[in-house]
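Encoded as structure tokens, the structure appears first; notes follow it.
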Amino acid sequence: MNNLLKDLLISDGISGYEENISKLIISNLSKICDENKIDKFGNVVCSIGKGKKKIMICAHMDEVGMIVKHINNKGYIFFSKIGGINDSILPGKIVNIINKKGKRIVGIIGTKPPHLMSDEEFKKPINYKNMFIDIGVYSKKNVLKTLDIGDQIIFEPKIGKLNNNVYYGKSVDNRIGCYALIKILEKLKKEEDIGAKIYACATAQEEVGLKGAKVSSFNINPDFALILDTTIAGDTPGIEEKDSSLKIGKGVAITIIEASGRGTIIPRKIRNFIIETAQINKIPHQIDIINGGVTDGAVVYMNRSGILTGILSIPTKYIHAPISVFNIKDINATIKLAVKIIKSIATSNII
Ligand SMILES: [Zn+2]
């Protein structure tokens, strides 16, 4: 795995706590872009090129996680969840609590042992409110010497390779999208004259209501927005092909309808243009129609008087779990297709 992708996956930044991940992203984008800033909301907004058209490329940088809610007298830490996490994946997991000084404190999510559960408790899934974090310090006073109420909690930052092009990591949703964003800008920079002003935007607080994208797309008011995110790969036991036919390693997913239409519905002309661009350039691609889940696209496309929007998604297994699995070839296909889309839109009258 290359160093940039590694750093993005390991960095911390749950929704509303994006300081470190935004610093990492802006330090890379500022090597490429002419204008670079972090806006009042915490979004990274960088731009290159000039021209009449404004094109925005968006990838959310926040990850799902937890925050410290309460510490009991024995030093056990209770938490609130930030973003969509299924309680059943939490027991026994290693987490890092990040204190004000940026130090990572290792903890284990504990629960009551099954041996001591009543029959009724044993049958029911454990609610996260009955879980706690053990950091090996067993008094509230001493715990408070190293961390505070409100500190962010991330899953243990593990990364690695499974086989060939298949890798795993923390916060794959959506750090692989952030990686694609930086690589797309790197490639566009090499063009003589792009013919448009291109905004690269790493958005904040997507996992808790698509908030950063709403603010930044309103401010930029682009002629076209391209959203980069992850989506659900269906090639695992328990998912039927009719529910998700997406597979890792089979290319970029062109998302056309989210959440049965409650999320983004990509305008037909944009949908056709993106699919044709993939076909003409022989870029491996799959069509993504998803019954649940939305991306930043859902707020961008109905911002102001409507913003033309496309969504490219990277199929990911075990999304919103402590570790997810992806194929590097799908990221490369996403980068390739995004560059072709941006160049065509910048230089033609498609929009
Ligand atoms: Zn996402």
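Simple scheme: letters A, B, ... for chains in structure tokens order, numbers from 1 for residues in each chain, numbers from 1 for ligands in the order shown.
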Selection as a ChimeraX atom specification: residues within 8 Å of ligand 1 by only C-alpha atoms and all ligand atoms
/A:60,63,173-174,206-207,229-231,295
List every residue of region 192-346 of chain A that DSSP, applied to the backbone of this structure, places in strand (DSSP E or B), and write the result as JSON, numbers by chain.
{"A": [197, 198, 199, 200, 201, 202, 203, 224, 225, 226, 227, 228, 229, 230, 231, 232, 252, 253, 254, 255, 256, 257, 265, 285, 286, 287, 288, 289, 308, 309, 310, 311, 312, 313, 314, 315, 316, 317, 324, 325, 326, 327]}
Can you measure CA of Ile256 (chain A) to CA of Leu308 (chain A) for me? One decimal in Å is fine.
12.7 Å
Show me, as an NGL selection string, the residues that have an atom within 7 Å of region 23-29 of chain A when counting only C-alpha atoms, minus same-chain residues fewer than 4 positions from it.
:A and (19 or 33 or 44 or 46 or 182)
Requested write-out: C-alpha atoms of the selected residues, as an mmCIF file, in the first residue's frame:
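Dumped to selection.cif:
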data_model
loop_
_atom_site.group_PDB
_atom_site.id
_atom_site.type_symbol
_atom_site.label_atom_id
_atom_site.label_comp_id
_atom_site.auth_asym_id
_atom_site.auth_seq_id
_atom_site.Cartn_x
_atom_site.Cartn_y
_atom_site.Cartn_z
ATOM 1 C CA GLU A 19 -8.592 18.547 12.601
ATOM 2 C CA CYS A 33 -3.486 23.464 -5.841
ATOM 3 C CA VAL A 44 -10.869 21.431 3.120
ATOM 4 C CA CYS A 46 -8.650 23.781 -2.605
ATOM 5 C CA ILE A 182 -5.793 13.878 -4.245
#
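Note that CA of Cys58 (chain A) and CA of Cys178 (chain A) are 8.4 Å apart.
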